[in-house]
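Just below is one structure, and these are the notes that go with it.
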Amino acid sequence: MKKSILIGVAGGTGSGKTSMAKNIVCDFDPSQVVIIEQDSYYYDLKNIPLDARHRHNFDHPEAYDFDLLKQQMRDLIDGKTIDVPVYDYTTHTRSSEFHRVSGHKIVVLEGIMVLYDPELRDMMDIKIYIQTAPDIRFIRRLTRDIKRRGRSVDSVMEQYLETVRPMHELFIEPSKQYADIIIPEGGHNTVAVDLFKTKVKSLLRQIAQ
């Protein structure tokens with residue numbers, strides 16, 4: 001019997017996935033809710049020279065350790081404890097630290113590729129895709145990478161043109177066909193957020209029976 005419900009929140013880089021995830025669960029008991037970022041499951045690139053790491057394609061499905069991600073999501077749904085990896089974006093390596101997660105009734109998995117893998121999709125009770133205009137997404141990514149990840153404007157623009165945009169068109173945008181609902185404006189869409197809160201409450205009652 002399932003111990004938790006799993007909600008997938010997908011969308012392109014800078015689409016508002018994190019805001020949507022936070023707004024969906026903000027009315028629930030914090031001890032019952034956890035938001036997990038798919039980016040935590042990037043492969044460790046410590047065996048690649050540092051200058052080559054920055055040229056790595058982080059927007060391709062093969063950049064993620066889907067095997068570990070799927071196993072840990074299964075464990076969470078079954079009520080087990082997991083150790084979520086901690087990823088260092090400045091060095092593109094996994095930290096020796098981890099986040100221990102257990103006992104949460106609502107698990108929100110957010111990331112650009114969360115609707116890509118069919119086995120992962122099948123575990124989800126709700127699948128959401130956030131639709132946001134490309135120019136808005138790029139501006140958000142540019143701001144985030146400069147402020148939070150120590151990137152230069154030129155490096156962000158180069159990566160966006162070489163990998164981010166083509167991978168979005170090839171892998172991420174097509175994955176919206178698997179969503180239960182496509183939401184414009186992300187977490188700012190208050191009507192959609194309220195509808196999902198109602199659905200989440202209904203699912204929680206089901207697993208409590």
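In the structure tokens, chains take letters A, B, ... by order of appearance, with residues numbered from 1 within each chain and ligands from 1 in the order shown.
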
Where does stretch 100-126 of chain A meet stretch 49-73 of chain A within 10 Å, residue by residue, with the nearest atom pair and distance in Å to one decimal for each, counting only C-alpha atoms, listed by chain and rising number, as a Markdown table?
```
| residue | atom | partner | partner_atom | distance |
| --- | --- | --- | --- | --- |
| A:Val101 | CA | A:Gln72 | CA | 9.9 |
| A:Val107 | CA | A:Met73 | CA | 8.6 |
| A:Leu109 | CA | A:Met73 | CA | 8.9 |
| A:Ile112 | CA | A:Asp59 | CA | 8.0 |
| A:Met113 | CA | A:Pro61 | CA | 6.9 |
| A:Val114 | CA | A:Phe66 | CA | 9.5 |
| A:Tyr116 | CA | A:Pro61 | CA | 7.8 |
| A:Asp117 | CA | A:Phe66 | CA | 8.0 |
| A:Glu119 | CA | A:Lys70 | CA | 7.6 |
| A:Leu120 | CA | A:Lys70 | CA | 6.0 |
| A:Arg121 | CA | A:Lys70 | CA | 9.7 |
| A:Met123 | CA | A:Met73 | CA | 8.0 |
| A:Met124 | CA | A:Met73 | CA | 9.5 |
```

Please, could you write that set of residues out with C-alpha atoms as a PDB file, in the first residue's frame?
```pdb
ATOM      1  CA  VAL A 101      14.111  12.271   3.636  1.00  0.00           C
ATOM      2  CA  VAL A 107       6.440  14.197  -2.330  1.00  0.00           C
ATOM      3  CA  LEU A 109       9.507  16.037  -7.669  1.00  0.00           C
ATOM      4  CA  ILE A 112      12.991  19.645 -16.550  1.00  0.00           C
ATOM      5  CA  MET A 113      13.006  15.891 -17.193  1.00  0.00           C
ATOM      6  CA  VAL A 114      10.584  14.505 -14.613  1.00  0.00           C
ATOM      7  CA  TYR A 116      10.639  12.035 -19.656  1.00  0.00           C
ATOM      8  CA  ASP A 117      11.023   8.553 -18.191  1.00  0.00           C
ATOM      9  CA  GLU A 119       8.671   4.315 -15.315  1.00  0.00           C
ATOM     10  CA  LEU A 120       9.001   7.527 -13.330  1.00  0.00           C
ATOM     11  CA  ARG A 121       5.778   8.905 -14.816  1.00  0.00           C
ATOM     12  CA  MET A 123       4.760   6.339 -10.192  1.00  0.00           C
ATOM     13  CA  MET A 124       3.153   9.794 -10.197  1.00  0.00           C
TER      14      MET A 124
END
```

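When the distance limit is 8 Å and only C-alpha atoms are what count, the residues near A:Gly111, minus those fewer than 2 positions from it on the same chain, are Val9, Ala10, Gly11, Lys17, Glu37, Gln38, Asp39, Leu109, Met113 and Val114 of chain A.
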
- Item | Every residue of stretch 91-130 of chain A that DSSP places in strand (DSSP E or B), as an MDAnalysis selection string | chainID A and resid 93:101 106:110 126:130

- Message: Using Å and a single decimal, report how far atom CA of A:Val34 sits from atom CA of A:Ile7.
- Response: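 Spanning atom CA of A:Ile7 to atom CA of A:Val34 is a straight-line distance of 10.5 Å.
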
- Note on the structure: Among A:Ile82, A:Val25, A:Met20, A:Ile5, A:Arg205 is approached most closely, using only C-alpha atoms, by A:Ile5

- Message: Just the number, please: distance in Å from atom CA of A:Ser19 to atom CA of A:Glu173, one decimal.
- Response: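 We find that atom CA of A:Ser19 and atom CA of A:Glu173 lie 19.1 Å from each other.
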
Could you give me, as a tab-separated table, a per-residue list for stretch 42-149 of chain A showing, wherever an atom lies at most 6 Å from an atom of stretch 180-189 of chain A, the closest pair of atoms and their distance in Å to one decimal, using only C-alpha atoms and sorting by chain then residue number from low to high?
```
residue	atom	partner	partner_atom	distance
A:Lys127	CA	A:Asp180	CA	5.2
A:Ile128	CA	A:Ile181	CA	5.5
A:Tyr129	CA	A:Ile182	CA	4.8
A:Ile130	CA	A:Ile183	CA	5.0
A:Gln131	CA	A:Pro184	CA	4.8
```

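You will find atom CA of A:Tyr41 at 19.3 Å from atom CA of A:Arg141.
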
Please identify all polymer residues within 7 Å of A:Ile24, counting only C-alpha atoms, omitting same-chain residues fewer than 3 positions from it, and present them as a PDB file with N, CA and C atoms, in the first residue's frame.
```pdb
ATOM      1  N   MET A  20       5.724  26.860  -8.471  1.00  0.00           N
ATOM      2  CA  MET A  20       4.499  26.073  -8.525  1.00  0.00           C
ATOM      3  C   MET A  20       4.511  24.998  -7.448  1.00  0.00           C
ATOM      4  N   ALA A  21       5.639  24.307  -7.314  1.00  0.00           N
ATOM      5  CA  ALA A  21       5.745  23.249  -6.314  1.00  0.00           C
ATOM      6  C   ALA A  21       5.502  23.797  -4.910  1.00  0.00           C
ATOM      7  N   VAL A 193      -3.434  26.482  -8.938  1.00  0.00           N
ATOM      8  CA  VAL A 193      -2.871  26.089  -7.646  1.00  0.00           C
ATOM      9  C   VAL A 193      -3.980  25.628  -6.708  1.00  0.00           C
ATOM     10  N   PHE A 196      -5.293  22.211  -7.640  1.00  0.00           N
ATOM     11  CA  PHE A 196      -4.386  21.120  -7.288  1.00  0.00           C
ATOM     12  C   PHE A 196      -4.364  20.852  -5.793  1.00  0.00           C
ATOM     13  N   LYS A 197      -4.507  21.881  -4.987  1.00  0.00           N
ATOM     14  CA  LYS A 197      -4.566  21.664  -3.549  1.00  0.00           C
ATOM     15  C   LYS A 197      -5.764  20.786  -3.195  1.00  0.00           C
TER      16      LYS A 197
END
```

- Task: Extract, using only C-alpha atoms, all DNA, RNA and protein residues at most 12 Å from A:Asp154, discarding same-chain residues fewer than 6 positions from it, and format them as a list in words.
- Result: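 Residues meeting the cut-off are Leu142, Asp145, Ile146, Tyr160 and Leu161 of chain A.
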
- DSSP says helix (DSSP H, G or I) for which residues of chain A? Put them as a PyMOL selection string? chain A and resi 17-25+30-32+38-41+50-53+61-63+66-77+118-123+134-149+153-178+186-188+190-208

- Find the spatial neighbours of A:Asp135, counting only C-alpha atoms, within a cut-off of 12 Å - ignore same-chain residues fewer than 3 positions away - and output them as an MDAnalysis selection string. chainID A and resid 12:15 132 138:142 160 165

Store the residues picked out above, limited to N, CA and C atoms, as a CSV table (one decimal), in the first residue's frame.
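Saved file out.csv follows:
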```csv
chain,number,residue,atom,x,y,z
A,12,GLY,N,10.3,23.8,-18.9
A,12,GLY,CA,11.6,24.2,-19.3
A,12,GLY,C,12.3,25.0,-18.2
A,13,THR,N,13.6,25.2,-18.4
A,13,THR,CA,14.4,25.9,-17.4
A,13,THR,C,13.8,27.3,-17.2
A,14,GLY,N,13.7,27.7,-16.0
A,14,GLY,CA,13.1,29.1,-15.7
A,14,GLY,C,11.6,29.2,-15.9
A,15,SER,N,10.9,28.1,-16.0
A,15,SER,CA,9.5,28.2,-16.3
A,15,SER,C,8.6,28.5,-15.0
A,132,THR,N,5.8,28.3,-20.1
A,132,THR,CA,6.2,29.7,-20.0
A,132,THR,C,6.9,30.2,-21.2
A,138,PHE,N,14.4,32.4,-20.4
A,138,PHE,CA,15.9,32.7,-20.6
A,138,PHE,C,16.3,33.8,-19.6
A,139,ILE,N,15.5,34.8,-19.4
A,139,ILE,CA,15.9,35.9,-18.5
A,139,ILE,C,16.0,35.4,-17.1
A,140,ARG,N,15.1,34.5,-16.7
A,140,ARG,CA,15.1,33.9,-15.4
A,140,ARG,C,16.4,33.1,-15.2
A,141,ARG,N,16.7,32.3,-16.2
A,141,ARG,CA,17.9,31.4,-16.1
A,141,ARG,C,19.2,32.2,-16.1
A,142,LEU,N,19.2,33.3,-16.9
A,142,LEU,CA,20.4,34.1,-16.9
A,142,LEU,C,20.6,34.8,-15.5
A,160,TYR,N,23.1,28.3,-23.4
A,160,TYR,CA,21.7,28.3,-23.8
A,160,TYR,C,21.5,28.0,-25.3
A,165,ARG,N,18.5,25.4,-25.4
A,165,ARG,CA,17.3,25.5,-26.3
A,165,ARG,C,17.1,24.3,-27.1
```

- Message: Here is a test: counting only C-alpha atoms, which residue of A:Thr81, A:Cys26, A:Tyr43, A:Leu115 is nearest to A:Ser175?
- Response: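 The answer is A:Leu115, which sits nearest to A:Ser175.
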